[in-house]
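Asker: Compact mmCIF, C-alpha atoms and all ligand atoms, saved as work.txt, coming up:
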# COMPACT_ATOMS: atom_id res chain seq x y z
CA MET Q 823 -30.26 -99.46 -41.19
CA SER Q 824 -29.38 -97.16 -44.02
CA GLY Q 825 -29.65 -93.53 -43.02
CA PRO Q 826 -27.87 -90.81 -44.92
CA PRO Q 827 -24.07 -91.22 -44.77
CA PRO Q 828 -22.71 -89.71 -41.54
CA THR Q 829 -21.03 -86.81 -43.33
CA VAL Q 830 -24.38 -85.39 -44.44
CA TRP Q 831 -25.98 -85.04 -41.02
CA LEU Q 832 -22.63 -84.44 -39.35
CA ASN Q 833 -21.83 -81.56 -41.69
CA ALA Q 834 -25.30 -80.15 -41.05
CA LEU Q 835 -24.80 -80.47 -37.29
CA LEU Q 836 -21.33 -78.89 -37.37
CA GLY Q 837 -22.58 -76.12 -39.63
CA PHE Q 838 -25.48 -75.45 -37.27
CA LEU Q 839 -23.25 -75.44 -34.18
CA GLN Q 840 -20.83 -73.01 -35.77
CA TRP Q 841 -23.64 -70.77 -36.93
CA ALA Q 842 -25.34 -70.89 -33.52
CA GLN Q 843 -22.21 -70.19 -31.48
CA HIS Q 844 -21.20 -67.37 -33.78
CA GLY Q 845 -24.77 -66.05 -33.70
CA VAL Q 846 -24.80 -66.02 -29.89
CA LEU Q 847 -21.47 -64.17 -29.91
CA VAL Q 848 -22.70 -61.54 -32.35
CA LEU Q 849 -25.91 -61.11 -30.35
CA LEU Q 850 -24.04 -60.68 -27.05
CA HIS Q 851 -21.71 -58.21 -28.70
CA THR Q 852 -24.57 -56.21 -30.19
CA LEU Q 853 -26.27 -56.08 -26.78
CA GLY Q 854 -23.02 -54.87 -25.24
CA LEU Q 855 -22.62 -58.06 -23.19
CA ALA Q 856 -19.43 -59.24 -24.92
CA GLY Q 857 -16.38 -57.05 -25.42
CA GLU Q 858 -13.95 -56.94 -28.29
CA VAL Q 859 -10.40 -58.23 -28.69
CA HIS Q 860 -8.11 -57.90 -31.67
CA GLY Q 861 -10.83 -56.05 -33.55
CA GLN Q 862 -13.57 -58.71 -33.40
CA PRO Q 863 -16.11 -59.79 -30.73
CA ALA Q 864 -14.52 -61.69 -27.83
CA TRP Q 865 -15.83 -65.17 -26.99
CA PRO Q 866 -16.72 -64.78 -23.29
CA TRP Q 867 -16.50 -68.44 -22.20
CA GLU Q 868 -13.63 -70.77 -21.37
CA VAL Q 869 -15.10 -73.54 -23.50
CA ARG Q 870 -16.75 -74.03 -26.87
CA ILE Q 871 -18.32 -77.01 -28.56
CA ALA Q 872 -15.53 -79.22 -29.87
CA GLY Q 873 -16.41 -79.80 -33.49
CA GLU Q 874 -13.06 -81.51 -33.91
CA THR Q 875 -14.12 -84.17 -31.35
CA LEU Q 876 -17.58 -84.63 -32.87
CA LEU Q 877 -15.93 -85.29 -36.21
CA ILE Q 878 -14.29 -88.44 -34.90
CA ASP Q 879 -16.73 -89.41 -32.15
CA LEU Q 880 -19.92 -90.07 -34.09
CA GLY Q 881 -21.67 -91.44 -31.00
CA GLN Q 882 -21.26 -88.17 -29.09
CA ALA Q 883 -22.21 -86.20 -32.19
CA ARG Q 884 -25.44 -88.16 -32.51
CA GLN Q 885 -26.21 -87.68 -28.81
CA LEU Q 886 -25.60 -83.96 -29.02
CA GLY Q 887 -27.75 -83.68 -32.14
CA LEU Q 888 -30.64 -85.57 -30.51
CA THR Q 889 -30.30 -83.51 -27.33
CA LEU Q 890 -30.50 -80.29 -29.34
CA ILE Q 891 -33.67 -81.53 -30.99
CA ALA Q 892 -35.10 -82.52 -27.58
CA VAL Q 893 -34.25 -79.10 -26.13
CA ALA Q 894 -35.84 -77.35 -29.10
CA LEU Q 895 -39.02 -79.43 -28.68
CA ALA Q 896 -39.00 -78.79 -24.93
CA LEU Q 897 -38.85 -75.06 -25.62
CA LEU Q 898 -41.82 -75.40 -27.95
CA ALA Q 899 -43.69 -77.26 -25.22
CA VAL Q 900 -42.97 -74.44 -22.76
CA LEU Q 901 -44.17 -71.95 -25.34
CA ALA Q 902 -47.34 -73.97 -25.81
CA ALA Q 903 -47.80 -74.05 -22.03
CA LEU Q 904 -47.54 -70.28 -21.89
CA LEU Q 905 -49.92 -69.69 -24.77
CA ILE Q 906 -52.53 -72.35 -24.24
CA ARG Q 907 -53.77 -72.46 -20.69
CA ARG Q 908 -55.71 -75.73 -21.07
CA TRP Q 909 -52.62 -77.60 -22.19
CA ARG Q 910 -50.35 -76.16 -19.54
CA ALA Q 911 -49.91 -79.25 -17.34
CA VAL Q 912 -49.49 -81.64 -20.25
CA SER Q 913 -47.10 -79.35 -22.15
CA LEU Q 914 -44.88 -78.76 -19.16
CA GLY Q 915 -44.87 -82.48 -18.48
CA VAL Q 916 -43.88 -83.26 -22.05
CA GLY Q 917 -41.17 -80.58 -21.96
CA ALA Q 918 -39.69 -81.90 -18.72
CA GLY Q 919 -39.92 -85.47 -20.00
CA LEU Q 920 -38.01 -84.56 -23.16
CA LEU Q 921 -35.22 -83.01 -21.13
CA VAL Q 922 -35.03 -86.11 -18.95
CA VAL Q 923 -34.94 -88.63 -21.80
CA ALA Q 924 -32.56 -86.55 -23.98
CA PRO Q 925 -29.25 -88.43 -24.37
CA TRP Q 926 -27.13 -85.66 -22.88
CA PRO Q 927 -23.60 -85.93 -24.27
CA SER Q 928 -20.59 -86.02 -21.97
CA SER Q 929 -18.24 -83.11 -21.40
CA VAL Q 930 -15.89 -84.35 -24.13
CA VAL Q 931 -18.02 -82.37 -26.57
CA LEU Q 932 -16.55 -79.22 -25.02
CA SER Q 933 -13.01 -78.02 -25.58
CA PRO Q 934 -11.03 -75.08 -24.18
CA ALA Q 935 -11.74 -71.82 -25.97
CA VAL Q 936 -9.91 -68.51 -26.20
CA PRO Q 937 -11.41 -65.05 -26.78
CA THR Q 938 -10.48 -65.22 -30.48
CA SER Q 939 -11.81 -68.77 -31.06
CA PHE Q 940 -14.45 -67.55 -33.51
CA HIS Q 941 -12.37 -64.90 -35.23
CA ALA Q 942 -12.07 -65.16 -38.98
CA SER Q 943 -8.90 -64.17 -40.77
CA PRO Q 944 -9.36 -60.71 -42.27
CA THR Q 945 -6.73 -61.23 -44.99
CA ALA Q 946 -8.85 -63.04 -47.63
CA PHE Q 947 -5.65 -65.01 -48.41
CA THR Q 948 -4.46 -62.33 -50.82
CA LEU Q 949 -1.10 -62.56 -52.59
CA GLN Q 950 -0.18 -59.36 -50.80
CA SER Q 951 -0.86 -60.88 -47.39
CA ILE Q 952 1.06 -64.05 -48.26
CA ALA Q 953 4.04 -61.96 -49.42
CA GLN Q 954 3.91 -59.91 -46.22
CA GLY Q 955 3.60 -63.15 -44.25
CA THR Q 956 6.74 -64.48 -45.95
CA ARG Q 957 8.72 -61.51 -44.64
CA VAL Q 958 7.24 -61.78 -41.15
CA TYR Q 959 7.80 -65.52 -41.01
CA ASN Q 960 11.40 -65.38 -42.19
CA THR Q 961 12.34 -62.72 -39.65
CA ALA Q 962 10.29 -63.79 -36.61
CA CYS Q 963 9.44 -67.47 -36.92
CA ALA Q 964 11.86 -69.37 -39.15
CA SER Q 965 14.59 -69.49 -36.46
CA CYS Q 966 12.48 -72.03 -34.58
CA HIS Q 967 9.96 -73.31 -37.12
CA GLY Q 968 12.51 -73.69 -39.94
CA ALA Q 969 12.48 -71.95 -43.33
CA ASP Q 970 10.41 -74.85 -44.72
CA GLY Q 971 8.02 -75.01 -41.73
CA ARG Q 972 9.07 -78.46 -40.64
CA GLY Q 973 10.03 -77.25 -37.16
CA GLU Q 974 13.76 -77.72 -37.58
CA GLY Q 975 15.02 -74.15 -37.36
CA PRO Q 976 18.47 -73.42 -35.87
CA LEU Q 977 16.98 -72.63 -32.44
CA ALA Q 978 14.64 -75.64 -32.34
CA ALA Q 979 17.01 -77.94 -30.46
CA THR Q 980 17.53 -75.35 -27.67
CA LEU Q 981 13.81 -75.15 -26.78
CA THR Q 982 11.97 -77.03 -24.04
CA ARG Q 983 9.56 -78.32 -26.67
CA TRP Q 984 10.26 -79.03 -30.33
CA PRO Q 985 8.20 -76.75 -32.64
CA PRO Q 986 5.56 -78.72 -34.55
CA THR Q 987 5.78 -79.19 -38.31
CA VAL Q 988 3.21 -77.33 -40.38
CA VAL Q 989 3.66 -79.90 -43.16
CA GLY Q 990 0.92 -82.07 -41.69
CA PRO Q 991 -2.58 -81.78 -40.31
CA LEU Q 992 -1.73 -79.18 -37.60
CA LEU Q 993 -3.10 -76.04 -39.29
CA GLY Q 994 -6.16 -77.91 -40.48
CA ARG Q 995 -7.01 -79.20 -37.03
CA ARG Q 996 -7.18 -75.90 -35.22
CA ALA Q 997 -9.56 -73.00 -35.73
CA ASP Q 998 -7.81 -70.01 -37.30
CA GLY Q 999 -8.72 -67.82 -34.34
CA GLU Q 1000 -7.05 -70.26 -31.95
CA LEU Q 1001 -3.84 -70.43 -33.99
CA PHE Q 1002 -3.90 -66.63 -34.02
CA TRP Q 1003 -4.27 -66.53 -30.22
CA HIS Q 1004 -1.36 -68.91 -29.71
CA ILE Q 1005 0.92 -66.76 -31.84
CA ALA Q 1006 -0.25 -63.49 -30.28
CA HIS Q 1007 -0.19 -64.65 -26.67
CA GLY Q 1008 2.23 -67.59 -26.75
CA MET Q 1009 1.83 -71.11 -25.39
CA ARG Q 1010 2.79 -72.83 -22.13
CA ASP Q 1011 3.25 -76.43 -21.11
CA ALA Q 1012 1.43 -78.09 -18.19
CA GLN Q 1013 4.01 -76.70 -15.74
CA GLY Q 1014 3.42 -73.16 -16.98
CA THR Q 1015 6.77 -72.82 -18.73
CA VAL Q 1016 6.61 -70.80 -21.94
CA THR Q 1017 6.98 -73.09 -24.95
CA MET Q 1018 6.14 -70.67 -27.76
CA PRO Q 1019 6.82 -66.94 -27.20
CA ALA Q 1020 4.06 -64.31 -27.47
CA PHE Q 1021 4.24 -61.90 -30.40
CA THR Q 1022 1.50 -59.40 -29.66
CA HIS Q 1023 4.00 -56.70 -28.59
CA ARG Q 1024 6.27 -57.24 -31.58
CA LEU Q 1025 3.85 -57.85 -34.44
CA SER Q 1026 0.60 -56.19 -35.50
CA ASP Q 1027 -2.53 -58.34 -35.74
CA ALA Q 1028 -2.31 -58.03 -39.53
CA ASP Q 1029 1.25 -59.39 -39.48
CA ILE Q 1030 0.20 -62.39 -37.38
CA TRP Q 1031 -2.69 -63.20 -39.75
CA SER Q 1032 -0.38 -62.87 -42.74
CA ALA Q 1033 2.23 -65.16 -41.12
CA LEU Q 1034 -0.54 -67.75 -40.80
CA ASP Q 1035 -1.33 -67.35 -44.50
CA TYR Q 1036 2.29 -68.02 -45.32
CA MET Q 1037 2.34 -71.07 -43.03
CA LYS Q 1038 -0.53 -72.49 -45.12
CA VAL Q 1039 1.60 -72.00 -48.23
CA LEU Q 1040 4.53 -73.74 -46.52
CA ALA Q 1041 2.25 -76.62 -45.58
CA ALA Q 1042 1.15 -76.99 -49.21
CA SER Q 1043 4.69 -76.68 -50.49
CA GLY Q 1044 6.11 -79.35 -48.23
CA GLY Q 1045 3.09 -81.58 -48.78
CA VAL Q 1046 3.56 -81.81 -52.55
CA ARG Q 1047 6.79 -83.71 -52.06
CA ALA Q 1048 4.96 -86.14 -49.79
CA GLY Q 1049 2.31 -86.73 -52.45
CA GLY Q 1050 -0.48 -84.29 -51.60
CA TRP Q 1051 -1.47 -81.11 -49.80
CA PRO Q 1052 -2.06 -81.81 -46.08
CA LEU Q 1053 -4.96 -79.36 -46.06
CA PRO Q 1054 -7.10 -77.90 -48.81
CA VAL Q 1055 -5.62 -74.70 -50.24
CA ALA Q 1056 -7.78 -71.96 -51.66
CA MET Q 1057 -6.79 -70.10 -54.79
CA PRO Q 1058 -5.10 -66.94 -53.41
CA THR Q 1059 -7.05 -63.72 -54.01
CA LEU Q 1060 -5.39 -61.60 -56.70
CA PRO Q 1061 -6.10 -58.96 -59.33
CA VAL Q 1062 -6.62 -60.31 -62.88
CA ARG Q 1063 -5.85 -58.25 -65.97
CA CYS Q 1064 -7.17 -59.35 -69.36
CA GLY Q 1065 -5.50 -57.73 -72.36
CA ASP Q 1066 -5.53 -53.97 -71.90
CA ALA Q 1067 -8.64 -53.89 -69.70
CA PRO Q 1068 -8.33 -52.57 -66.14
CA PRO Q 1069 -7.70 -55.27 -63.50
CA GLU Q 1070 -10.70 -57.11 -62.04
CA THR Q 1071 -11.05 -59.07 -58.83
CA LEU Q 1072 -10.47 -62.80 -59.10
CA ALA Q 1073 -14.04 -63.54 -58.01
CA ALA Q 1074 -15.58 -61.29 -60.67
CA TRP Q 1075 -13.36 -62.72 -63.41
CA ARG Q 1076 -13.79 -66.34 -62.36
CA ASN Q 1077 -17.55 -66.07 -62.06
CA GLY Q 1078 -17.94 -69.56 -60.65
CA GLN Q 1079 -15.82 -71.25 -63.33
CA ARG Q 1080 -12.93 -73.64 -62.86
CA ILE Q 1081 -9.48 -72.12 -63.28
CA ARG Q 1082 -6.38 -73.39 -65.01
CA VAL Q 1083 -3.26 -71.55 -63.82
CA VAL Q 1084 -0.32 -71.66 -66.25
CA ALA Q 1085 3.19 -70.42 -65.37
CA ILE Q 1086 4.71 -68.65 -68.39
CA ASP Q 1087 8.10 -66.92 -68.50
CA ALA Q 1088 10.44 -65.88 -71.31
CA ALA Q 1089 11.52 -69.49 -71.84
CA SER Q 1090 7.97 -70.73 -72.32
CA ALA Q 1091 6.36 -67.63 -73.89
CA ASP Q 1092 5.79 -69.50 -77.15
CA ARG Q 1093 3.71 -72.07 -75.30
CA ILE Q 1094 0.85 -69.87 -74.12
CA PRO Q 1095 -2.14 -72.21 -74.28
CA LEU Q 1096 -5.34 -71.53 -76.19
CA GLU Q 1097 -8.44 -70.57 -74.25
CA ASP Q 1098 -10.41 -73.64 -73.26
CA PRO Q 1099 -14.16 -73.75 -72.57
CA ARG Q 1100 -13.63 -76.13 -69.64
CA PHE Q 1101 -12.02 -73.44 -67.49
CA GLN Q 1102 -10.80 -69.87 -67.28
CA THR Q 1103 -7.08 -69.73 -68.03
CA LEU Q 1104 -4.94 -67.51 -65.81
CA LEU Q 1105 -1.33 -66.88 -66.79
CA ILE Q 1106 1.25 -66.34 -64.06
CA THR Q 1107 4.34 -64.46 -65.14
CA PRO Q 1108 7.40 -63.37 -63.14
CA ASP Q 1109 6.61 -59.65 -63.51
CA GLY Q 1110 2.81 -59.83 -63.51
CA THR Q 1111 2.38 -58.63 -67.10
CA LEU Q 1112 1.37 -60.43 -70.30
CA PRO Q 1113 4.50 -61.73 -72.06
CA SER Q 1114 3.72 -60.33 -75.53
CA PRO Q 1115 0.63 -59.46 -77.51
CA THR Q 1116 -1.09 -62.84 -77.67
CA ARG Q 1117 -2.66 -64.23 -80.82
CA ALA Q 1118 -6.37 -64.83 -81.29
CA PHE Q 1119 -7.84 -67.48 -78.97
CA GLN Q 1120 -4.69 -67.57 -76.87
CA ALA Q 1121 -5.13 -67.03 -73.15
CA HIS Q 1122 -4.70 -63.34 -72.43
CA CYS Q 1123 -5.54 -62.97 -68.73
CA VAL Q 1124 -2.69 -62.63 -66.26
CA ALA Q 1125 -2.34 -62.42 -62.48
CA ALA Q 1126 -1.42 -58.73 -62.20
CA SER Q 1127 1.00 -59.06 -59.32
CA THR Q 1128 4.74 -59.49 -58.99
CA ASP Q 1129 4.14 -61.78 -55.99
CA ALA Q 1130 2.18 -64.36 -57.98
CA TRP Q 1131 5.15 -66.26 -59.41
CA ASN Q 1132 6.81 -67.08 -56.08
CA VAL Q 1133 3.58 -67.83 -54.24
CA PHE Q 1134 2.20 -70.17 -56.91
CA ALA Q 1135 5.60 -71.86 -57.34
CA ALA Q 1136 5.59 -72.56 -53.59
CA LEU Q 1137 2.01 -73.89 -53.72
CA ALA Q 1138 3.08 -76.20 -56.54
CA GLY Q 1139 6.03 -77.39 -54.44
CA THR Q 1140 8.49 -76.11 -57.05
CA ALA Q 1141 11.41 -73.70 -56.89
CA PRO Q 1142 10.67 -70.42 -58.71
CA GLN Q 1143 13.46 -71.24 -61.19
CA THR Q 1144 11.76 -74.44 -62.34
CA PHE Q 1145 8.14 -73.23 -62.15
CA SER Q 1146 7.85 -72.27 -65.83
CA GLY Q 1147 5.36 -74.48 -67.69
CA THR Q 1148 3.70 -75.83 -64.52
CA GLN Q 1149 -0.12 -75.81 -64.42
CA LEU Q 1150 -2.56 -75.88 -61.50
CA LEU Q 1151 -6.30 -76.53 -61.56
CA ALA Q 1152 -8.84 -74.94 -59.22
CA ASP Q 1153 -12.40 -76.23 -58.92
CA ARG Q 1154 -15.60 -74.19 -59.14
CA ASN Q 1155 -15.49 -73.48 -55.41
CA GLY Q 1156 -12.03 -71.96 -55.67
CA TRP Q 1157 -10.04 -74.84 -54.13
CA LEU Q 1158 -6.78 -75.73 -55.81
CA ARG Q 1159 -6.96 -79.42 -56.66
CA ALA Q 1160 -4.30 -80.63 -59.07
CA ARG Q 1161 -0.90 -79.81 -60.47
CA GLY Q 1162 0.43 -80.69 -63.90
CA GLU Q 1163 4.18 -80.83 -64.38
CA PRO Q 1164 5.65 -79.05 -67.40
CA GLY Q 1165 5.35 -81.03 -70.60
CA THR Q 1166 3.52 -84.07 -69.19
CA ALA Q 1167 -0.06 -85.18 -69.82
CA TRP Q 1168 -2.61 -84.89 -67.01
CA SER Q 1169 -3.39 -88.01 -65.01
CA ASP Q 1170 -5.14 -88.92 -61.77
CA ALA Q 1171 -1.75 -88.82 -60.06
CA ASP Q 1172 -1.83 -85.02 -60.44
CA PHE Q 1173 -4.50 -84.68 -57.75
CA LEU Q 1174 -2.97 -82.92 -54.75
CA CYS Q 1175 -6.26 -82.43 -52.96
CA THR Q 1176 -8.81 -85.22 -53.12
CA ALA Q 1177 -12.00 -85.31 -51.13
CA ALA Q 1178 -12.11 -89.10 -51.14
CA ALA Q 1179 -9.22 -91.21 -49.92
CA ARG Q 1180 -6.64 -91.84 -52.58
CA GLU Q 1181 -7.40 -95.00 -54.44
CA THR Q 1182 -4.99 -97.76 -53.68
CA ALA Q 1183 -6.12 -99.75 -56.71
CA ALA Q 1184 -4.67 -99.05 -60.14
CA PRO Q 1185 -5.36 -95.43 -61.08
CA ARG Q 1186 -8.23 -94.86 -63.48
CA ALA Q 1187 -7.56 -93.99 -67.08
CA GLY Q 1188 -6.31 -90.45 -66.66
CA GLY Q 1189 -6.60 -87.43 -68.89
CA LEU Q 1190 -7.83 -83.95 -68.19
CA ASP Q 1191 -11.50 -84.77 -68.75
CA SER Q 1192 -11.53 -87.52 -66.16
CA LEU Q 1193 -9.63 -85.28 -63.75
CA ILE Q 1194 -12.22 -82.54 -64.17
CA ALA Q 1195 -15.09 -85.00 -63.83
CA ARG Q 1196 -13.64 -86.29 -60.60
CA MET Q 1197 -12.95 -82.79 -59.29
CA ASP Q 1198 -16.61 -81.87 -59.82
CA ALA Q 1199 -17.96 -85.14 -58.47
CA GLU Q 1200 -15.90 -84.95 -55.26
CA PRO Q 1201 -16.13 -81.38 -53.99
CA VAL Q 1202 -13.95 -80.43 -51.03
CA ARG Q 1203 -15.91 -80.44 -47.77
CA TYR Q 1204 -13.39 -78.80 -45.55
CA VAL Q 1205 -14.01 -79.11 -41.85
CA LYS Q 1206 -11.24 -77.21 -40.13
CA GLY Q 1207 -10.86 -77.39 -36.38
CA GLY Q 1208 -14.42 -78.62 -36.34
CA PHE Q 1209 -15.69 -75.63 -38.33
CA ILE Q 1210 -16.95 -76.00 -41.84
CA HIS Q 1211 -15.31 -73.65 -44.31
C1 LIG Q 1301 11.52 -69.43 -29.83
C2 LIG Q 1301 11.04 -70.37 -30.81
C3 LIG Q 1301 9.77 -70.03 -31.59
C4 LIG Q 1301 9.54 -68.91 -32.33
C5 LIG Q 1301 10.45 -67.72 -32.57
C6 LIG Q 1301 8.20 -69.09 -32.90
N1 LIG Q 1301 7.66 -70.27 -32.49
FE1 LIG Q 1301 5.82 -71.00 -32.96
N2 LIG Q 1301 6.10 -72.57 -31.73
C7 LIG Q 1301 7.25 -72.84 -31.03
C8 LIG Q 1301 7.04 -74.03 -30.22
C9 LIG Q 1301 8.09 -74.68 -29.30
C10 LIG Q 1301 5.72 -74.45 -30.45
C11 LIG Q 1301 4.99 -75.63 -29.79
C12 LIG Q 1301 4.37 -75.09 -28.51
C13 LIG Q 1301 3.54 -76.08 -27.75
O1 LIG Q 1301 2.93 -76.95 -28.38
O2 LIG Q 1301 3.46 -75.94 -26.52
C14 LIG Q 1301 5.16 -73.51 -31.41
C15 LIG Q 1301 3.87 -73.60 -31.92
C16 LIG Q 1301 3.38 -72.82 -32.96
C17 LIG Q 1301 2.12 -73.02 -33.62
C18 LIG Q 1301 1.10 -74.10 -33.32
C19 LIG Q 1301 0.06 -73.54 -32.42
C20 LIG Q 1301 -0.95 -74.53 -31.98
O3 LIG Q 1301 -2.12 -74.15 -31.88
O4 LIG Q 1301 -0.59 -75.69 -31.70
C21 LIG Q 1301 2.01 -72.05 -34.58
C22 LIG Q 1301 0.86 -71.85 -35.55
C23 LIG Q 1301 3.19 -71.24 -34.49
N3 LIG Q 1301 3.99 -71.72 -33.51
C24 LIG Q 1301 3.43 -70.14 -35.28
C25 LIG Q 1301 4.51 -69.28 -35.11
C26 LIG Q 1301 4.68 -68.05 -35.84
C27 LIG Q 1301 3.72 -67.51 -36.90
C28 LIG Q 1301 5.83 -67.49 -35.40
C29 LIG Q 1301 6.44 -66.17 -35.82
C30 LIG Q 1301 5.60 -65.02 -35.72
C31 LIG Q 1301 6.41 -68.39 -34.40
N4 LIG Q 1301 5.57 -69.46 -34.26
C32 LIG Q 1301 7.60 -68.17 -33.74
C33 LIG Q 1301 8.43 -72.11 -31.06
C34 LIG Q 1301 8.59 -70.89 -31.68
When written as structure tokens, how does the structure in this file appear?
Ligand code: HEC
Answerer:
Amino acid sequence: MSGPPPTVWLNALLGFLQWAQHGVLVLLHTLGLAGEVHGQPAWPWEVRIAGETLLIDLGQARQLGLTLIAVALALLAVLAALLIRRWRAVSLGVGAGLLVVAPWPSSVVLSPAVPTSFHASPTAFTLQSIAQGTRVYNTACASCHGADGRGEGPLAATLTRWPPTVVGPLLGRRADGELFWHIAHGMRDAQGTVTMPAFTHRLSDADIWSALDYMKVLAASGGVRAGGWPLPVAMPTLPVRCGDAPPETLAAWRNGQRIRVVAIDAASADRIPLEDPRFQTLLITPDGTLPSPTRAFQAHCVAASTDAWNVFAALAGTAPQTFSGTQLLADRNGWLRARGEPGTAWSDADFLCTAAARETAAPRAGGLDSLIARMDAEPVRYVKGGFIH
């Protein structure tokens, strides 16, 4: 049998489940039946549908999908019974039959939920939030989680449980709202002993969200050395200034194009690249200003922020001192995909975020064009904690 590949219907199912659960939450909140926590509607139940389980258990996913269809048809049958008197007995019979034959999935499709399970981060992953998160993280979290996020801080060995490393799939597996809850309200082991302290009395909600943003940067940074980013990283939101024009938002400037990010400092100021029709070129400089009046056709748009240099150096897995000349590519959907080291030609090995598994066979003939072609042909379908992003 050759149906569509599982990802197509599975993505549709996961997207529907997320939309439906969020829709129910918004409806309950609007009707005054669900309260609010941390500034967003509170999920009132102890469980939610476990998208993360469905992702790996295709059998359960299929059963749940078929059951949803059966329930929808059963509802239609009930509606028909109500509207059309003559059909009443038959319709109700069909409806009941559908519910009986539906392949009800087992309870593994449910997982524990917290009131913030469906909360979305309000930070928009801005440079400002990442910079704030760096400060929060270094003062409140690094002692246990380690300055590099690998869970080897000075206090780690004194704890009942070793802090997990963020340089791995951890942050990608959990919903943002659930990570937020664990930081705000702490975590306990099966015996009820506190394993991770609660921060809600020490940090504002905004600080907790920004610390999570910085953890994503740490995950990317550590991942580069291991050969790739453990989770897809979005291009941080930042103001862009072109020439003398007033700054624009990244989204307005990008306008759906690919982006090439180029780190330029005093040492590399003579190597500002020319504009290139294949992407928008964004210069990153240590002080957030254009290095010098650029010549015709040279890139003249700069990330207008003093935080850009350090954040992008971290994303590229490089120390700020050696960042100059590094390039990064973002695809049309705003995901960072590849990194080019200073002074070397682009090749397939520069991919840090591939949608398909890395090829084990000999890499294809490289070059920027083939990299771009592959980036477009394999868009990132990011399913995080069972939720499609
Ligand atoms: C006293 C040590 C300590 C401090 C301080 C600390 N953590 Fe943790 N953290 C832990 C431990 C231990 C775990 C693992 C807990 C478990 O799995 O039961 C953990 C787990 C986590 C997790 C994973 C949550 C999950 O869903 O599995 C995140 C995210 C996290 N911490 C973020 C932070 C942030 C952000 C800060 C600073 C605001 C912080 N931690 C401060 C010890 C600490």
Asker: What does the list of residues within 9 Å of ligand LIG 1301 (chain Q) look like if you count only C-alpha atoms and all ligand atoms, written as a PyMOL selection string?
Answerer: chain Q and resi 955+958-967+973+975+977-978+980-988+992-993+995-998+1000-1006+1008-1012+1016-1021+1024-1025+1029-1034+1036-1037
Asker: Please produce a file of the residues just selected, as a compact mmCIF listing (two decimals), keeping the file's coordinate frame, where the atoms kept are C-alpha atoms.
Answerer:
# COMPACT_ATOMS: atom_id res chain seq x y z
CA GLY Q 955 3.60 -63.15 -44.25
CA VAL Q 958 7.24 -61.78 -41.15
CA TYR Q 959 7.80 -65.52 -41.01
CA ASN Q 960 11.40 -65.38 -42.19
CA THR Q 961 12.34 -62.72 -39.65
CA ALA Q 962 10.29 -63.79 -36.61
CA CYS Q 963 9.44 -67.47 -36.92
CA ALA Q 964 11.86 -69.37 -39.15
CA SER Q 965 14.59 -69.49 -36.46
CA CYS Q 966 12.48 -72.03 -34.58
CA HIS Q 967 9.96 -73.31 -37.12
CA GLY Q 973 10.03 -77.25 -37.16
CA GLY Q 975 15.02 -74.15 -37.36
CA LEU Q 977 16.98 -72.63 -32.44
CA ALA Q 978 14.64 -75.64 -32.34
CA THR Q 980 17.53 -75.35 -27.67
CA LEU Q 981 13.81 -75.15 -26.78
CA THR Q 982 11.97 -77.03 -24.04
CA ARG Q 983 9.56 -78.32 -26.67
CA TRP Q 984 10.26 -79.03 -30.33
CA PRO Q 985 8.20 -76.75 -32.64
CA PRO Q 986 5.56 -78.72 -34.55
CA THR Q 987 5.78 -79.19 -38.31
CA VAL Q 988 3.21 -77.33 -40.38
CA LEU Q 992 -1.73 -79.18 -37.60
CA LEU Q 993 -3.10 -76.04 -39.29
CA ARG Q 995 -7.01 -79.20 -37.03
CA ARG Q 996 -7.18 -75.90 -35.22
CA ALA Q 997 -9.56 -73.00 -35.73
CA ASP Q 998 -7.81 -70.01 -37.30
CA GLU Q 1000 -7.05 -70.26 -31.95
CA LEU Q 1001 -3.84 -70.43 -33.99
CA PHE Q 1002 -3.90 -66.63 -34.02
CA TRP Q 1003 -4.27 -66.53 -30.22
CA HIS Q 1004 -1.36 -68.91 -29.71
CA ILE Q 1005 0.92 -66.76 -31.84
CA ALA Q 1006 -0.25 -63.49 -30.28
CA GLY Q 1008 2.23 -67.59 -26.75
CA MET Q 1009 1.83 -71.11 -25.39
CA ARG Q 1010 2.79 -72.83 -22.13
CA ASP Q 1011 3.25 -76.43 -21.11
CA ALA Q 1012 1.43 -78.09 -18.19
CA VAL Q 1016 6.61 -70.80 -21.94
CA THR Q 1017 6.98 -73.09 -24.95
CA MET Q 1018 6.14 -70.67 -27.76
CA PRO Q 1019 6.82 -66.94 -27.20
CA ALA Q 1020 4.06 -64.31 -27.47
CA PHE Q 1021 4.24 -61.90 -30.40
CA ARG Q 1024 6.27 -57.24 -31.58
CA LEU Q 1025 3.85 -57.85 -34.44
CA ASP Q 1029 1.25 -59.39 -39.48
CA ILE Q 1030 0.20 -62.39 -37.38
CA TRP Q 1031 -2.69 -63.20 -39.75
CA SER Q 1032 -0.38 -62.87 -42.74
CA ALA Q 1033 2.23 -65.16 -41.12
CA LEU Q 1034 -0.54 -67.75 -40.80
CA TYR Q 1036 2.29 -68.02 -45.32
CA MET Q 1037 2.34 -71.07 -43.03
Asker: Neighbours of Met1057 (chain Q) within 6 Å (only C-alpha atoms; same-chain residues fewer than 5 positions away dropped), as number ranges by chain?
Answerer: Q: 1156-1158
Asker: Up to 6 Å from (-10.7, -67.5, -38.3) in the file's coordinates: name the residues, counting all atoms listed in the file, as a PyMOL selection string.
Answerer: chain Q and resi 941-943+998-999
Asker: Based on the selection just made, write C-alpha atoms of those residues as a PDB file, in the frame of the given file.
Answerer:
ATOM      1  CA  HIS Q 941     -12.370 -64.900 -35.230  1.00  0.00           C
ATOM      2  CA  ALA Q 942     -12.070 -65.160 -38.980  1.00  0.00           C
ATOM      3  CA  SER Q 943      -8.900 -64.170 -40.770  1.00  0.00           C
ATOM      4  CA  ASP Q 998      -7.810 -70.010 -37.300  1.00  0.00           C
ATOM      5  CA  GLY Q 999      -8.720 -67.820 -34.340  1.00  0.00           C
TER       6      GLY Q 999
END
